[in-house]
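Comments concern the structure below.
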Amino acid sequence: MKRKVFHALTGVLAGVLAFACAPAGAVSPSPDEVGETLIAAGDIAQCGRSGYVGTGAEATARLIDRMPGTVLALGDLAYPNGTERDFRECYDPTWGRFKDRTRPTPGNHEHNTPSAAPYYAYWGEQAGVPGEGFYSFELGAWHIIALNSNILDRPLESRQEQWLAADLESHPTVCALAFFHHPRFSSGGHGNDPRLDPLWRILYSHGVDVVLGGHDHDYERFAPLDPDGHRDMQRGIREFVVGTGGAALTPFLLIRPYSEVRINGAHGVLRMTLWPDGYRWEFLSSSGVRVLDTGRGSCH
C-alpha cells in the first residue's frame, strides 16, 4: 500500500514539475518545417447529468480551432456512455466542429452502449466497418492505421490481426503510425495492457514507427520500445498516451520503465509534423497555449 501511495505521489509530482518547467510556445509550426500535420487526443467530451459539457473539451477544441491538419480522436469521445445524446450534446458542440477532418477510434465508454452503435452512426464511413472499427489511410508519405482495442479477446480479434498484417505487408517502405484507445504501456491508473501484445508484435515486426493511445487521462511519452517493453532505438515503437482531450485528469501510479515524460496537470493535444523520413512532436497545453513537450524522431 505504501508503495502504491509513493508511486502515486511521484507521478503527480512529475506531472506538476513537467507543467511548471515547460517553455512557452506558439501554435503555428516553423515555416521551414512544413509537412503533414496530425493533431491527436482522446478522453474528450465529459457530460454531466444535465448534458453540461465540461470546460476541458471546449478548451482543447478552441486550441484545434487555430490549427489546420488531420485530427485523430483516440477513443472515449463522448462520456459517460457514448449514447446518441452524449454525441449530440457533448461531443458535437466541441470536437464535432472538426468532424470532416477527424479520423476516430472507439474507446471503452463508447462500448458501454451495445455494439457502440451510436459511435458508428455518428461517424459513418469515417469509422470503418460498423462493429469492426479498424481501417487505414494515407497522409502524405505516412501510412496511418486505426485499430479497435475494444474487440480484444473476442472473435473479431483474430480478424483484426490478420487484416493488420496484410495491410502492413502492402505498405512495406513507408513511415507508419497506428492509433487505438488502450495503451500497451502506461504509468497511469490503468497501467500496462498485455492484451495488446499480439498487435504490438505485428506492428513491431513490420517497422511501425509511432503508436498513439489514450484511456489514462494524462500525457506520457515513452522511449522506442520492443514488444517486451525494452528500449530499442533501432526498431522500437515510440508510444504516446494522450488522454488529455477534456475529461477529468488522473494521477500516475506505477512509473513504467523508459517513460520519458509524464504530464497530468494540463489538458491539451499532441501535434505532430510528418515528413517523408521522420516526425516532430509537440504536446500543447490548452491553457495559455504552451508547449509542454517537444522532440523529433526518424522513421525506421
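Chains: A, B, ... in order of the C-alpha cells. Residues: from 1 per chain. Ligands: from 1, in order shown.
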Return as a Markdown table the residues of range 127-157 of chain A lying at most 10 Å from range 265-274 of chain A, together with the closest atom-to-atom pair for each and the distance in Å to one decimal, counting only C-alpha atoms, with rows in chain order and ascending residue number.
```
| residue | atom | partner | partner_atom | distance |
| --- | --- | --- | --- | --- |
| A:Leu139 | CA | A:Leu274 | CA | 8.5 |
| A:Gly140 | CA | A:Leu274 | CA | 7.9 |
| A:Ala141 | CA | A:Leu274 | CA | 8.0 |
| A:Trp142 | CA | A:Leu274 | CA | 7.4 |
```
For the interface of range 147-220 of chain A with range 76-88 of chain A (cut-off 10 Å, counting only C-alpha atoms), please tabulate each contacting residue of range 147-220 of chain A alongside its nearest pair of atoms and their separation in Å to one decimal, rows sorted by chain and increasing number, as JSON lines.
```
{"residue": "A:His181", "atom": "CA", "partner": "A:Asp76", "partner_atom": "CA", "distance": 7.7}
{"residue": "A:Gly214", "atom": "CA", "partner": "A:Asp76", "partner_atom": "CA", "distance": 8.3}
{"residue": "A:His215", "atom": "CA", "partner": "A:Asp76", "partner_atom": "CA", "distance": 7.4}
```
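Minimum atom-to-atom distances from A:Glu282, A:Asp216, A:Asp228, A:Glu132 to Pro106 in chain A were compared using only C-alpha atoms, and the lowest value belongs to A:Glu132.
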CA of Arg97 in chain A to CA of Ile64 in chain A, straight-line distance in Å: 9.4 Å
Distance in Å - CA of Asn264 in chain A versus CA of Ile237 in chain A: 22.5 Å
Backbone-only DSSP, strand (DSSP E or B) members of range 20-257 of chain A, as a PyMOL selection string: chain A and resi 24+36-41+45+47+53+70-73+78+102-104+135-139+142-146+175-179+188+210-213+219-222+225+231+237-242+252
Option closest in space to Ala146 in chain A, from A:Val174, A:Ala57, A:Leu74, A:Ile202 [counting only C-alpha atoms]: A:Leu74
Point-to-point distance in Å for CA of Pro227 in chain A and CA of Arg195 in chain A: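 One can read the CA of Arg195 in chain A to CA of Pro227 in chain A distance as 11.9 Å.
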